[in-house]
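What follows is a short report on a single structure.
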Amino acid sequence: MSNKIQEIYQMLFDRFGPQHWWPGETPFEVMVGAVLTQNTNWTNVSRAIANLQQGDLLSFQALHAMPPSLLAEKIRPAGYYNLKAARLKNLLNLIAAEYQGRLSDFFAEETAVLRQKLLAVKGVGPETADSIVLYAAHKPAFVVDAYTYRILSRHSLIVEDAGYDEIQELFVGALPEDVRLYNEYHALLVKLGKDFCRKSKPLCASCPLDGL
DNA sequence: CACCAGGCAAGTA
DNA sequence: TACTTGCATGGT
């Protein structure tokens, strides 16, 4: 194999198989989920999404028309609900103001432009922006999250104080620019993180990456 | 009971 | 610039 980043991918894919992350969801739902999941486990996010679906509220028009306080109430199970309601509103306001509420027009922007527009929204940082670009807009942006950092850090592939862009570049520089691959790789890292690299375990027992 | 979960922005010095 | 703190629910 040509480099370590590719070796790790091969190892994870062989071991865990395709993860099918965020499958069968609408791009809008994926975008909302990306904000709701900030520092929050996915089960709580699912409850929040279900609340919105329950009242047919999971659409641009419905959320944009909804008062922030009501939106906050609906997404309550996701935690930080006041904060996240405001962040969703910020995002919806951008799409309303610059794209007439047409998500497909927004997502049709060139990748780098889309990412910059997302980053300019208050409440959307690099991980949320890249998650939306990759999983909702289906454009190539490698997502770096807490698991990515922890896994690479424990295997001494990055320095302790490595920043987001630095870690992202490690992957982008070692891989072909491919949406499918970015999608699967990030999902596999989360799978590995959940199963073998929890925060509370300083050393990952029998980690699949140990032989590399 | 303490700690954790697919972050981000604002405040402090 | 470099830390620190607030935001909050539900599971282990």
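Just so we're on the same page: first chain in the structure tokens is A, next is B, and so on; residues restart at 1 for each chain, and ligands are numbered from 1 in the order they show up.
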Quiz prompt | Contact set, chain A to chain C: 7 Å, only C-alpha atoms (C1' of nucleotides), as a ChimeraX atom specification | solution = /A:44,77-80,83
Could the residues in this selection be written to a file with C-alpha atoms, as a PDB file, in the first residue's frame?
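Below is the file selection-v8.pdb, written as the result:
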ATOM      1  CA  ASN A  44     -30.571  12.154  21.209  1.00  0.00           C
ATOM      2  CA  PRO A  77     -33.689  16.069  23.348  1.00  0.00           C
ATOM      3  CA  ALA A  78     -30.594  16.983  21.314  1.00  0.00           C
ATOM      4  CA  GLY A  79     -29.323  19.195  24.135  1.00  0.00           C
ATOM      5  CA  TYR A  80     -28.082  22.801  23.856  1.00  0.00           C
ATOM      6  CA  LEU A  83     -28.186  27.416  21.070  1.00  0.00           C
TER       7      LEU A  83
END
Show me, as a Markdown table, the residues of chain B having an atom within 8 Å of chain A, each with the closest atom pair and its distance in Å, using only C-alpha atoms (C1' of nucleotides).
| residue | atom | partner | partner_atom | distance |
| --- | --- | --- | --- | --- |
| B:DC4 | C1' | A:Lys199 | CA | 7.9 |
| B:DA5 | C1' | A:Asn41 | CA | 4.4 |
| B:DG6 | C1' | A:Asp145 | CA | 6.4 |
| B:DG7 | C1' | A:Gln38 | CA | 4.8 |
| B:DC8 | C1' | A:Gly123 | CA | 5.9 |
| B:DA9 | C1' | A:Gly123 | CA | 7.3 |
Could you dump the residues just selected with N, CA and C atoms (P, O5', C5', C4', C3', O3' and C1' of nucleotides) as a compact mmCIF listing (two decimals), in the first residue's frame?
# COMPACT_ATOMS: atom_id res chain seq x y z
P DC B 4 -14.77 11.52 30.80
O5' DC B 4 -15.76 11.24 29.59
C5' DC B 4 -16.20 9.91 29.36
C4' DC B 4 -17.41 9.92 28.47
C3' DC B 4 -17.25 10.80 27.23
O3' DC B 4 -17.21 9.97 26.08
C1' DC B 4 -19.41 11.02 28.27
P DA B 5 -16.74 10.57 24.66
O5' DA B 5 -18.15 10.75 23.91
C5' DA B 5 -18.99 9.63 23.77
C4' DA B 5 -20.30 10.07 23.17
C3' DA B 5 -20.14 10.91 21.90
O3' DA B 5 -21.16 10.54 20.99
C1' DA B 5 -21.39 12.11 23.51
P DG B 6 -20.77 9.86 19.62
O5' DG B 6 -20.01 10.95 18.74
C5' DG B 6 -20.22 12.32 18.83
C4' DG B 6 -19.28 13.04 17.88
C3' DG B 6 -19.88 14.34 17.41
O3' DG B 6 -18.84 15.29 17.15
C1' DG B 6 -19.84 12.79 15.63
P DG B 7 -18.45 16.14 18.48
O5' DG B 7 -18.92 17.60 18.04
C5' DG B 7 -17.98 18.44 17.38
C4' DG B 7 -18.67 19.74 17.05
C3' DG B 7 -17.75 20.79 16.47
O3' DG B 7 -18.49 21.50 15.51
C1' DG B 7 -18.58 21.51 18.58
P DC B 8 -17.72 22.61 14.67
O5' DC B 8 -18.01 23.93 15.49
C5' DC B 8 -19.36 24.35 15.67
C4' DC B 8 -19.40 25.53 16.59
C3' DC B 8 -18.38 26.63 16.24
O3' DC B 8 -19.09 27.73 15.72
C1' DC B 8 -18.56 26.21 18.61
P DA B 9 -18.39 29.07 15.33
O5' DA B 9 -18.61 29.95 16.64
C5' DA B 9 -19.93 30.05 17.17
C4' DA B 9 -19.90 30.86 18.46
C3' DA B 9 -19.14 32.18 18.38
O3' DA B 9 -19.88 33.13 19.10
C1' DA B 9 -18.26 30.88 20.13
Quiz item: Skipping near chain neighbours, those fewer than 6 positions away, what residues fall within 8 Å of segment 59-69 of chain A using only C-alpha atoms (C1' of nucleotides), listed as a VMD selection string?
Solution: chain A and resid 28 to 29 82 85 to 86 89 92 to 93 101
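Within 12 Å of segment 15-17 of chain A, once only C-alpha atoms (C1' of nucleotides) are used and residues closer than 4 positions along the same chain are dropped, the contacting residues are Ile8, Tyr9, Gln10, Met11, Trp21, Glu184, Tyr185, Ala187, Leu188, Leu189, Val190, Lys191, Leu192, Asp195, Cys207, Pro208 and Leu209 of chain A.
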Selected residues written out, C-alpha atoms, as a PDB file, in the first residue's frame:
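The result, written out as again_39.pdb:
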ATOM      1  CA  ILE A   8      -5.664   2.288   7.720  1.00  0.00           C
ATOM      2  CA  TYR A   9      -8.626   2.663   5.429  1.00  0.00           C
ATOM      3  CA  GLN A  10      -8.081  -0.773   3.954  1.00  0.00           C
ATOM      4  CA  MET A  11      -7.766  -2.284   7.406  1.00  0.00           C
ATOM      5  CA  TRP A  21     -23.784   6.607   6.968  1.00  0.00           C
ATOM      6  CA  GLU A 184     -16.804   5.827   4.120  1.00  0.00           C
ATOM      7  CA  TYR A 185     -13.498   6.710   5.752  1.00  0.00           C
ATOM      8  CA  ALA A 187     -17.774   6.700   9.062  1.00  0.00           C
ATOM      9  CA  LEU A 188     -15.240   3.930   9.639  1.00  0.00           C
ATOM     10  CA  LEU A 189     -13.179   6.135  11.949  1.00  0.00           C
ATOM     11  CA  VAL A 190     -16.276   6.816  14.027  1.00  0.00           C
ATOM     12  CA  LYS A 191     -17.010   3.089  14.121  1.00  0.00           C
ATOM     13  CA  LEU A 192     -13.482   2.372  15.277  1.00  0.00           C
ATOM     14  CA  ASP A 195     -15.781   0.338  19.536  1.00  0.00           C
ATOM     15  CA  CYS A 207      -7.193  -2.012  18.500  1.00  0.00           C
ATOM     16  CA  PRO A 208      -7.400  -3.179  14.868  1.00  0.00           C
ATOM     17  CA  LEU A 209      -4.759  -0.628  13.939  1.00  0.00           C
TER      18      LEU A 209
END
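Reported to one decimal place, the separation of atom CA of Val32 of chain A from atom CA of Gly55 of chain A is 15.6 Å.
Going from atom CA of Thr111 of chain A over to atom CA of Gly173 of chain A, you cover 17.0 Å.
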Practice problem: Can you check which residues of segment 24-210 of chain A DSSP gives as helix (DSSP H, G or I) on the backbone and send them as a ChimeraX atom specification? | Solution: /A:27-36,42-54,60-65,68-74,76-78,81-99,103-107,111-119,126-136,146-154,164-172,179-196
Exercise. Give me, please, the distance in Å between atom CA of Leu88 of chain A and atom CA of Ala48 of chain A, quoted to one decimal.
Key: 13.0 Å
Exercise. For Phe171 of chain A, list every protein, DNA or RNA residue within 9 Å, evaluated using only C-alpha atoms (C1' of nucleotides), and leave out those in the same chain fewer than 5 positions away; present the list as a PyMOL selection string.
Key: chain A and resi 5-6+142+182
